[in-house]
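Structure, as structure tokens:
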Amino acid sequence: MRRGIKGQLWLGTALLSVLLVLGLTACTGNGDEQEAANPGPGHEKEVKLVGYLLGEAPKGIQQVLQAINEKLKKDINAKIELNYIAWNDVASKYPLVLASGQDVDFIFAADWNFYVSEATKGAFYPLSQSLLEQYMPRHMEAMAPEALRAADVNGTPYMIPTSSPDRKVNIALFRKDVMDKAGMTQITKFSEIEPYLAEIKRSYPGMIPLNLDSQYDLPTPFTYLLMEKFAWFSAPFDSGDPLAQGITADMEDPEGVMYSMTEEPILSWQKEVAYIMKDWYDKGYMNKNPYANSIRSKDNFCNGKSGIAFGNSIDMMNVFMSCKEQGIDVYPFPMVYPSGKATKASWLNNGVAISASSKNPERAMEALDLLMEDPSYAYLAYYGIEGINYTITPDDRIGLPEGVTSESNTYPPDAAGFWFVNKNLFKPVANWTDPYKALQERVQPLLEPTPLLGFLFNSDQVKSEIANLKSVSTQYAQPIYIGAVDNVEAAFDTLVQHMKKAGIDKVKAEVQKQAADYLANQ
């Protein structure tokens, strides 16, 4: 769905600035350089824009950032200073960065990454349709109008959603050579993978079957097992933190009935999963201390250190290609609900927010407009430098330059955290492996809109209770997730007791009230 820009974009001399920028950023389709130009009135003073993204900085980030900044200097007289929040630091550092008062102009934002809680704290700059039409005309032209409405928190949007929501599903990636050795031809349930784990333990001494990191991977096997029980969203509605216990629902339930994760039937399902995780932990199938590991399983998979890679069908693209280059055949297993479906990504799955402390919010929006919607910028941000990190093949596809492999590429696609750029601008990828192509074909029919897709919980009334629940989860739930408990029943008894004291019943009542209002207004 597309729409035109409503209203006038600029007043007075500011109109000239937009016309200059629009003329100077004509689409090349593959990242060709623009001609040098004067950035125009309103941009006389150069500004530095400080941005924060999630993950690890690729080796080639400085070279790419230099190229981006050379273009920004010409177009809007700005430069970007980029910082990364590592996955194992997201829960603690993301809110801290925004609350610290330090220079922050823009930051990655998503409904699964504390968007509502930070918006209600006043951490983000309030936006509006007219403001974005003025400073981000390209993006407003490309983005569906319902995307901005989905970002409303108390009637105001505080993030800029992507104009190209990802079509993806969570997956676990297995090695076919290990499966063959274990006598497995296919995987139909994640709960039935023990022969694979046992074979690694028996025959591959340098490989850890479940080599989990401290943030993304830590709750993932537990989550995948729980998804066999009901249409579990993988994070509570109240906190949006996949490491925390809280309030959940069956995503396919049209009534949107909410449950505490420590009440029935969720509690019994969690216990069943916890017994499996304890069995796997006691048998030595996972690293003993995921809390000390900052390397995701997908980054340890092709080099033989992790037996299973966890991620999604987009961020695993490079893993497929890297494993092929090393002669490793892979088997992807999409994680779906008992119905065989999975929730499609919301409009807010990938986006970016302007910090409330930004000294240059207008220039930050102008820079983001270019990064998200001008092909020459988007290719740089997502694929890197043409001729070094990618090339355009004779049949007009994105490939790798001669001598560059997926493993040696210093700026792999999707790895730099610019997940909010418009991916509809990109040409097809030339070196997708056959298993990855097959996975992509499988993913599309799996995705469904679910009744609670887009529900954003406003935590204003229960902030302290949610903080208490997260603290309790860190101490009492996370050891359960990895199976590092002596007695499952006793561990849950303790968890439930502390969740009650932390105020989970009050949180449930508030979530249920807001969810009912949301469904009634759909």
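Residues are named by chain letter and number: chains run A, B, ... in the order of the structure tokens, numbers start at 1 in each chain, and ligands are numbered from 1 in the order shown.
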Exercise: region 328-330 of chain A partners within 7 Å, only C-alpha atoms, chain neighbours under 5 positions left out, as JSON, numbers by chain | {"A": [173, 174, 175, 176, 323]}
Skip Gly304 (chain A) itself and residues of its chain fewer than 6 positions away, then list as a PyMOL selection string all residues within 9 Å of it, counting only C-alpha atoms.
-> chain A and resi 204+206-208
DSSP says helix (DSSP H, G or I) for which residues of region 111-188 of chain A? Put them as a VMD selection string?
-> chain A and resid 115 to 120 129 to 135 137 to 142 145 to 150 176 to 181
Writing out the chosen residues with N, CA and C atoms as a PDB file, in the first residue's frame:
```
ATOM      1  N   TYR A 115       9.971  -0.970  23.392  1.00  0.00           N
ATOM      2  CA  TYR A 115       9.483   0.267  22.776  1.00  0.00           C
ATOM      3  C   TYR A 115       8.465   0.990  23.669  1.00  0.00           C
ATOM      4  N   VAL A 116       7.433   0.283  24.082  1.00  0.00           N
ATOM      5  CA  VAL A 116       6.374   0.951  24.839  1.00  0.00           C
ATOM      6  C   VAL A 116       6.884   1.425  26.190  1.00  0.00           C
ATOM      7  N   SER A 117       7.662   0.585  26.875  1.00  0.00           N
ATOM      8  CA  SER A 117       8.146   0.984  28.199  1.00  0.00           C
ATOM      9  C   SER A 117       9.031   2.226  28.117  1.00  0.00           C
ATOM     10  N   GLU A 118       9.873   2.307  27.094  1.00  0.00           N
ATOM     11  CA  GLU A 118      10.734   3.484  26.956  1.00  0.00           C
ATOM     12  C   GLU A 118       9.941   4.700  26.479  1.00  0.00           C
ATOM     13  N   ALA A 119       8.940   4.474  25.625  1.00  0.00           N
ATOM     14  CA  ALA A 119       8.115   5.597  25.163  1.00  0.00           C
ATOM     15  C   ALA A 119       7.345   6.217  26.327  1.00  0.00           C
ATOM     16  N   THR A 120       6.806   5.366  27.199  1.00  0.00           N
ATOM     17  CA  THR A 120       6.038   5.902  28.329  1.00  0.00           C
ATOM     18  C   THR A 120       6.936   6.569  29.372  1.00  0.00           C
ATOM     19  N   GLN A 129       2.496  12.768  12.025  1.00  0.00           N
ATOM     20  CA  GLN A 129       2.472  12.591  10.574  1.00  0.00           C
ATOM     21  C   GLN A 129       3.012  13.829   9.868  1.00  0.00           C
ATOM     22  N   SER A 130       2.594  15.010  10.319  1.00  0.00           N
ATOM     23  CA  SER A 130       3.039  16.235   9.653  1.00  0.00           C
ATOM     24  C   SER A 130       4.543  16.449   9.818  1.00  0.00           C
ATOM     25  N   LEU A 131       5.064  16.143  10.987  1.00  0.00           N
ATOM     26  CA  LEU A 131       6.506  16.294  11.221  1.00  0.00           C
ATOM     27  C   LEU A 131       7.297  15.363  10.315  1.00  0.00           C
ATOM     28  N   LEU A 132       6.865  14.118  10.208  1.00  0.00           N
ATOM     29  CA  LEU A 132       7.575  13.154   9.374  1.00  0.00           C
ATOM     30  C   LEU A 132       7.410  13.471   7.891  1.00  0.00           C
ATOM     31  N   GLU A 133       6.267  13.991   7.502  1.00  0.00           N
ATOM     32  CA  GLU A 133       6.104  14.394   6.106  1.00  0.00           C
ATOM     33  C   GLU A 133       7.042  15.545   5.753  1.00  0.00           C
ATOM     34  N   GLN A 134       7.341  16.374   6.745  1.00  0.00           N
ATOM     35  CA  GLN A 134       8.228  17.507   6.510  1.00  0.00           C
ATOM     36  C   GLN A 134       9.679  17.078   6.390  1.00  0.00           C
ATOM     37  N   TYR A 135      10.115  16.181   7.293  1.00  0.00           N
ATOM     38  CA  TYR A 135      11.532  15.836   7.343  1.00  0.00           C
ATOM     39  C   TYR A 135      11.856  14.458   6.774  1.00  0.00           C
ATOM     40  N   PRO A 137      10.086  12.863   3.825  1.00  0.00           N
ATOM     41  CA  PRO A 137       9.079  12.702   2.765  1.00  0.00           C
ATOM     42  C   PRO A 137       9.196  11.392   2.004  1.00  0.00           C
ATOM     43  N   ARG A 138      10.416  10.926   1.741  1.00  0.00           N
ATOM     44  CA  ARG A 138      10.585   9.652   1.009  1.00  0.00           C
ATOM     45  C   ARG A 138       9.958   8.496   1.795  1.00  0.00           C
ATOM     46  N   HIS A 139      10.253   8.489   3.091  1.00  0.00           N
ATOM     47  CA  HIS A 139       9.777   7.380   3.917  1.00  0.00           C
ATOM     48  C   HIS A 139       8.253   7.406   4.045  1.00  0.00           C
ATOM     49  N   MET A 140       7.696   8.582   4.199  1.00  0.00           N
ATOM     50  CA  MET A 140       6.244   8.667   4.322  1.00  0.00           C
ATOM     51  C   MET A 140       5.560   8.289   3.019  1.00  0.00           C
ATOM     52  N   GLU A 141       6.232   8.488   1.908  1.00  0.00           N
ATOM     53  CA  GLU A 141       5.686   8.049   0.626  1.00  0.00           C
ATOM     54  C   GLU A 141       5.695   6.530   0.522  1.00  0.00           C
ATOM     55  N   ALA A 142       6.735   5.900   1.072  1.00  0.00           N
ATOM     56  CA  ALA A 142       6.907   4.454   0.923  1.00  0.00           C
ATOM     57  C   ALA A 142       6.163   3.647   1.986  1.00  0.00           C
ATOM     58  N   PRO A 145       0.196   3.897   5.719  1.00  0.00           N
ATOM     59  CA  PRO A 145      -0.256   4.773   6.804  1.00  0.00           C
ATOM     60  C   PRO A 145      -0.567   4.028   8.095  1.00  0.00           C
ATOM     61  N   GLU A 146      -1.001   2.767   7.988  1.00  0.00           N
ATOM     62  CA  GLU A 146      -1.311   2.032   9.218  1.00  0.00           C
ATOM     63  C   GLU A 146      -0.071   1.725  10.048  1.00  0.00           C
ATOM     64  N   ALA A 147       1.099   1.788   9.435  1.00  0.00           N
ATOM     65  CA  ALA A 147       2.327   1.523  10.183  1.00  0.00           C
ATOM     66  C   ALA A 147       2.554   2.581  11.253  1.00  0.00           C
ATOM     67  N   LEU A 148       2.377   3.843  10.889  1.00  0.00           N
ATOM     68  CA  LEU A 148       2.568   4.918  11.865  1.00  0.00           C
ATOM     69  C   LEU A 148       1.492   4.867  12.938  1.00  0.00           C
ATOM     70  N   ARG A 149       0.270   4.529  12.554  1.00  0.00           N
ATOM     71  CA  ARG A 149      -0.800   4.397  13.552  1.00  0.00           C
ATOM     72  C   ARG A 149      -0.482   3.288  14.544  1.00  0.00           C
ATOM     73  N   ALA A 150       0.151   2.221  14.071  1.00  0.00           N
ATOM     74  CA  ALA A 150       0.494   1.102  14.952  1.00  0.00           C
ATOM     75  C   ALA A 150       1.494   1.513  16.023  1.00  0.00           C
ATOM     76  N   LYS A 176      23.386 -31.549   8.543  1.00  0.00           N
ATOM     77  CA  LYS A 176      22.919 -32.808   7.967  1.00  0.00           C
ATOM     78  C   LYS A 176      23.883 -33.957   8.234  1.00  0.00           C
ATOM     79  N   ASP A 177      25.185 -33.676   8.311  1.00  0.00           N
ATOM     80  CA  ASP A 177      26.128 -34.775   8.572  1.00  0.00           C
ATOM     81  C   ASP A 177      25.899 -35.375   9.954  1.00  0.00           C
ATOM     82  N   VAL A 178      25.569 -34.538  10.929  1.00  0.00           N
ATOM     83  CA  VAL A 178      25.267 -35.039  12.273  1.00  0.00           C
ATOM     84  C   VAL A 178      23.946 -35.801  12.256  1.00  0.00           C
ATOM     85  N   MET A 179      22.965 -35.267  11.548  1.00  0.00           N
ATOM     86  CA  MET A 179      21.676 -35.964  11.451  1.00  0.00           C
ATOM     87  C   MET A 179      21.859 -37.347  10.826  1.00  0.00           C
ATOM     88  N   ASP A 180      22.647 -37.430   9.769  1.00  0.00           N
ATOM     89  CA  ASP A 180      22.889 -38.725   9.120  1.00  0.00           C
ATOM     90  C   ASP A 180      23.543 -39.699  10.094  1.00  0.00           C
ATOM     91  N   LYS A 181      24.512 -39.208  10.837  1.00  0.00           N
ATOM     92  CA  LYS A 181      25.228 -40.059  11.784  1.00  0.00           C
ATOM     93  C   LYS A 181      24.307 -40.532  12.913  1.00  0.00           C
TER      94      LYS A 181
END
```
Strand (DSSP E) per DSSP on the backbone: members of region 103-302 of chain A, as number ranges by chain | A: 106-109, 152-153, 156-157, 160-161, 170-175, 247-249, 258-260
Pick from A:Tyr291, A:Tyr216, A:Tyr52, A:Trp419, whichever lies nearest to Ile107 (chain A) using only C-alpha atoms =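 Of all the options, A:Tyr52 lies closest to Ile107 (chain A).
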Go through A:Asp505, A:Glu373, A:Asp414, A:Asp486 one by one, measure the shortest atom-to-atom distance of each to Thr162 (chain A) using only C-alpha atoms, and give the residue with the smallest value.
->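 Among A:Asp505, A:Glu373, A:Asp414, A:Asp486, it is A:Glu373 that comes nearest to Thr162 (chain A).
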With only C-alpha atoms counted and 12 Å as the cut-off, give the residues of region 272-345 of chain A in contact with region 186-194 of chain A, each with its shortest interatomic distance in Å and the pair that gives it, as CSV.
```
residue,atom,partner,partner_atom,distance
A:Glu272,CA,A:Ser191,CA,10.6
A:Val273,CA,A:Ser191,CA,8.6
A:Ala274,CA,A:Ser191,CA,11.4
A:Tyr275,CA,A:Ser191,CA,11.2
A:Ile276,CA,A:Ser191,CA,7.8
A:Met277,CA,A:Ser191,CA,9.7
A:Asp279,CA,A:Glu194,CA,9.9
A:Trp280,CA,A:Glu194,CA,8.0
A:Tyr281,CA,A:Glu194,CA,11.6
A:Lys283,CA,A:Glu194,CA,10.3
A:Gly284,CA,A:Glu194,CA,11.7
A:Tyr285,CA,A:Glu194,CA,9.1
A:Met286,CA,A:Glu194,CA,12.0
A:Gly307,CA,A:Ile193,CA,11.4
A:Ile308,CA,A:Ile193,CA,10.5
A:Val330,CA,A:Gln186,CA,11.6
A:Tyr331,CA,A:Gln186,CA,8.4
A:Pro332,CA,A:Ile187,CA,9.2
A:Phe333,CA,A:Ile187,CA,7.1
A:Pro334,CA,A:Phe190,CA,9.7
A:Met335,CA,A:Phe190,CA,8.3
A:Val336,CA,A:Lys189,CA,9.8
A:Tyr337,CA,A:Lys189,CA,10.9
A:Pro338,CA,A:Lys189,CA,10.2
A:Gly340,CA,A:Thr188,CA,11.0
```
Saved selection, atoms kept: N, CA and C atoms, as a PDB file, in the first residue's frame:
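Generated output (again-v5.pdb):
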```pdb
ATOM      1  N   GLU A 272       6.613 -29.114  32.021  1.00  0.00           N
ATOM      2  CA  GLU A 272       6.960 -30.171  31.069  1.00  0.00           C
ATOM      3  C   GLU A 272       8.217 -29.804  30.289  1.00  0.00           C
ATOM      4  N   VAL A 273       8.271 -28.575  29.839  1.00  0.00           N
ATOM      5  CA  VAL A 273       9.439 -28.102  29.085  1.00  0.00           C
ATOM      6  C   VAL A 273      10.674 -28.077  29.981  1.00  0.00           C
ATOM      7  N   ALA A 274      10.499 -27.640  31.226  1.00  0.00           N
ATOM      8  CA  ALA A 274      11.634 -27.533  32.140  1.00  0.00           C
ATOM      9  C   ALA A 274      12.253 -28.896  32.433  1.00  0.00           C
ATOM     10  N   TYR A 275      11.433 -29.941  32.500  1.00  0.00           N
ATOM     11  CA  TYR A 275      11.980 -31.290  32.711  1.00  0.00           C
ATOM     12  C   TYR A 275      12.853 -31.714  31.530  1.00  0.00           C
ATOM     13  N   ILE A 276      12.449 -31.352  30.314  1.00  0.00           N
ATOM     14  CA  ILE A 276      13.278 -31.673  29.140  1.00  0.00           C
ATOM     15  C   ILE A 276      14.589 -30.905  29.199  1.00  0.00           C
ATOM     16  N   MET A 277      14.508 -29.614  29.525  1.00  0.00           N
ATOM     17  CA  MET A 277      15.725 -28.801  29.581  1.00  0.00           C
ATOM     18  C   MET A 277      16.665 -29.295  30.676  1.00  0.00           C
ATOM     19  N   ASP A 279      16.919 -32.369  31.756  1.00  0.00           N
ATOM     20  CA  ASP A 279      17.493 -33.618  31.255  1.00  0.00           C
ATOM     21  C   ASP A 279      18.647 -33.325  30.291  1.00  0.00           C
ATOM     22  N   TRP A 280      18.447 -32.379  29.384  1.00  0.00           N
ATOM     23  CA  TRP A 280      19.493 -32.030  28.431  1.00  0.00           C
ATOM     24  C   TRP A 280      20.691 -31.392  29.132  1.00  0.00           C
ATOM     25  N   TYR A 281      20.407 -30.556  30.119  1.00  0.00           N
ATOM     26  CA  TYR A 281      21.504 -29.914  30.863  1.00  0.00           C
ATOM     27  C   TYR A 281      22.316 -30.948  31.632  1.00  0.00           C
ATOM     28  N   LYS A 283      22.729 -34.006  31.009  1.00  0.00           N
ATOM     29  CA  LYS A 283      23.467 -34.883  30.103  1.00  0.00           C
ATOM     30  C   LYS A 283      24.621 -34.171  29.397  1.00  0.00           C
ATOM     31  N   GLY A 284      24.803 -32.892  29.718  1.00  0.00           N
ATOM     32  CA  GLY A 284      25.929 -32.154  29.156  1.00  0.00           C
ATOM     33  C   GLY A 284      25.734 -31.683  27.741  1.00  0.00           C
ATOM     34  N   TYR A 285      24.473 -31.462  27.356  1.00  0.00           N
ATOM     35  CA  TYR A 285      24.196 -31.052  25.981  1.00  0.00           C
ATOM     36  C   TYR A 285      24.349 -29.545  25.763  1.00  0.00           C
ATOM     37  N   MET A 286      24.556 -28.784  26.825  1.00  0.00           N
ATOM     38  CA  MET A 286      24.713 -27.340  26.629  1.00  0.00           C
ATOM     39  C   MET A 286      25.871 -26.803  27.442  1.00  0.00           C
ATOM     40  N   GLY A 307      26.276 -26.899  17.886  1.00  0.00           N
ATOM     41  CA  GLY A 307      25.582 -27.923  17.125  1.00  0.00           C
ATOM     42  C   GLY A 307      24.295 -27.461  16.486  1.00  0.00           C
ATOM     43  N   ILE A 308      23.684 -26.416  17.030  1.00  0.00           N
ATOM     44  CA  ILE A 308      22.448 -25.863  16.490  1.00  0.00           C
ATOM     45  C   ILE A 308      22.597 -24.347  16.448  1.00  0.00           C
ATOM     46  N   VAL A 330      23.106 -28.081   5.523  1.00  0.00           N
ATOM     47  CA  VAL A 330      22.298 -27.699   6.682  1.00  0.00           C
ATOM     48  C   VAL A 330      20.839 -28.091   6.490  1.00  0.00           C
ATOM     49  N   TYR A 331      20.159 -28.190   7.620  1.00  0.00           N
ATOM     50  CA  TYR A 331      18.733 -28.564   7.644  1.00  0.00           C
ATOM     51  C   TYR A 331      18.012 -27.528   8.502  1.00  0.00           C
ATOM     52  N   PRO A 332      17.189 -26.667   7.880  1.00  0.00           N
ATOM     53  CA  PRO A 332      16.453 -25.668   8.653  1.00  0.00           C
ATOM     54  C   PRO A 332      15.132 -26.213   9.185  1.00  0.00           C
ATOM     55  N   PHE A 333      14.830 -25.874  10.424  1.00  0.00           N
ATOM     56  CA  PHE A 333      13.571 -26.303  11.044  1.00  0.00           C
ATOM     57  C   PHE A 333      12.807 -25.067  11.507  1.00  0.00           C
ATOM     58  N   PRO A 334      11.772 -24.650  10.771  1.00  0.00           N
ATOM     59  CA  PRO A 334      10.982 -23.475  11.167  1.00  0.00           C
ATOM     60  C   PRO A 334      10.184 -23.758  12.437  1.00  0.00           C
ATOM     61  N   MET A 335      10.137 -22.777  13.316  1.00  0.00           N
ATOM     62  CA  MET A 335       9.377 -22.915  14.548  1.00  0.00           C
ATOM     63  C   MET A 335       7.970 -22.355  14.339  1.00  0.00           C
ATOM     64  N   VAL A 336       6.983 -23.220  14.478  1.00  0.00           N
ATOM     65  CA  VAL A 336       5.596 -22.833  14.235  1.00  0.00           C
ATOM     66  C   VAL A 336       4.726 -23.232  15.427  1.00  0.00           C
ATOM     67  N   TYR A 337       3.522 -22.711  15.435  1.00  0.00           N
ATOM     68  CA  TYR A 337       2.561 -23.041  16.475  1.00  0.00           C
ATOM     69  C   TYR A 337       1.999 -24.452  16.254  1.00  0.00           C
ATOM     70  N   PRO A 338       1.271 -25.002  17.216  1.00  0.00           N
ATOM     71  CA  PRO A 338       0.638 -26.314  17.002  1.00  0.00           C
ATOM     72  C   PRO A 338      -0.257 -26.357  15.767  1.00  0.00           C
ATOM     73  N   GLY A 340       0.553 -25.182  12.984  1.00  0.00           N
ATOM     74  CA  GLY A 340       1.395 -25.190  11.793  1.00  0.00           C
ATOM     75  C   GLY A 340       1.663 -23.814  11.236  1.00  0.00           C
TER      76      GLY A 340
END
```
Polymer residues at most 12 Å from Glu56 (chain A), only C-alpha atoms, same-chain spacing of 4 or more positions, as a ChimeraX atom specification | /A:52,60-61,82-90,294-296,299,411-412,414-418
Extract, using only C-alpha atoms, all DNA, RNA and protein residues at most 8 Å from Tyr259 (chain A), discarding same-chain residues fewer than 4 positions from it, and format them as a count of residues only.
-> 7
Work out how far CA of Asp213 (chain A) is from CA of Gln62 (chain A), in Å to one decimal.
->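 We find that CA of Gln62 (chain A) and CA of Asp213 (chain A) lie 26.0 Å from each other.
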Neighbours of Ser355 (chain A) within 9 Å (only C-alpha atoms; same-chain residues fewer than 3 positions away dropped), as an NGL selection string?
-> :A and (98 or 103-107 or 123-125 or 358 or 361)
Put those residues in a file: N, CA and C atoms, as an mmCIF file, in the first residue's frame.
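The result, stored in again.cif:
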```cif
data_model
loop_
_atom_site.group_PDB
_atom_site.id
_atom_site.type_symbol
_atom_site.label_atom_id
_atom_site.label_comp_id
_atom_site.auth_asym_id
_atom_site.auth_seq_id
_atom_site.Cartn_x
_atom_site.Cartn_y
_atom_site.Cartn_z
ATOM 1 N N LEU A 98 19.453 5.506 27.111
ATOM 2 C CA LEU A 98 18.418 6.520 26.925
ATOM 3 C C LEU A 98 18.212 7.372 28.175
ATOM 4 N N ASP A 103 24.753 12.084 24.775
ATOM 5 C CA ASP A 103 24.321 12.408 23.418
ATOM 6 C C ASP A 103 23.805 11.157 22.706
ATOM 7 N N VAL A 104 22.538 11.167 22.368
ATOM 8 C CA VAL A 104 21.928 10.127 21.549
ATOM 9 C C VAL A 104 20.936 10.827 20.626
ATOM 10 N N ASP A 105 21.052 10.584 19.338
ATOM 11 C CA ASP A 105 20.116 11.185 18.391
ATOM 12 C C ASP A 105 19.102 10.177 17.862
ATOM 13 N N PHE A 106 19.554 8.973 17.536
ATOM 14 C CA PHE A 106 18.610 7.951 17.076
ATOM 15 C C PHE A 106 19.043 6.597 17.602
ATOM 16 N N ILE A 107 18.076 5.687 17.705
ATOM 17 C CA ILE A 107 18.349 4.370 18.272
ATOM 18 C C ILE A 107 17.377 3.369 17.671
ATOM 19 N N ALA A 123 11.471 8.611 26.927
ATOM 20 C CA ALA A 123 12.825 8.471 26.394
ATOM 21 C C ALA A 123 12.924 8.829 24.915
ATOM 22 N N PHE A 124 11.787 8.806 24.200
ATOM 23 C CA PHE A 124 11.798 9.042 22.759
ATOM 24 C C PHE A 124 11.147 10.384 22.418
ATOM 25 N N TYR A 125 11.569 10.946 21.314
ATOM 26 C CA TYR A 125 11.050 12.213 20.807
ATOM 27 C C TYR A 125 9.663 11.990 20.202
ATOM 28 N N SER A 358 17.873 14.319 21.876
ATOM 29 C CA SER A 358 18.562 14.727 20.654
ATOM 30 C C SER A 358 18.594 16.243 20.521
ATOM 31 N N PRO A 361 16.975 16.807 16.267
ATOM 32 C CA PRO A 361 15.999 15.796 15.832
ATOM 33 C C PRO A 361 15.611 15.938 14.358
#
```
What lies within 10 Å of Pro428 (chain A) using only C-alpha atoms, ignoring chain neighbours under 5 positions off, as a PDB file with C-alpha atoms, in the first residue's frame?
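File written: result03.pdb
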```pdb
ATOM      1  CA  ILE A 392      25.938  -6.553  -9.025  1.00  0.00           C
ATOM      2  CA  ASP A 395      22.048 -10.882 -14.515  1.00  0.00           C
ATOM      3  CA  ASP A 396      21.294  -7.922 -12.177  1.00  0.00           C
ATOM      4  CA  ARG A 397      21.517  -9.699  -8.837  1.00  0.00           C
ATOM      5  CA  ILE A 398      23.451  -9.038  -5.637  1.00  0.00           C
ATOM      6  CA  GLY A 399      26.533 -11.233  -5.388  1.00  0.00           C
TER       7      GLY A 399
END
```
Have a look at CA of Asn521 (chain A) and CA of Lys344 (chain A) and let me know their distance in Å, one decimal.
->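 One can read the CA of Asn521 (chain A) to CA of Lys344 (chain A) distance as 20.2 Å.
Between CA of Lys470 (chain A) and CA of Asp493 (chain A) there is a distance of 17.1 Å.
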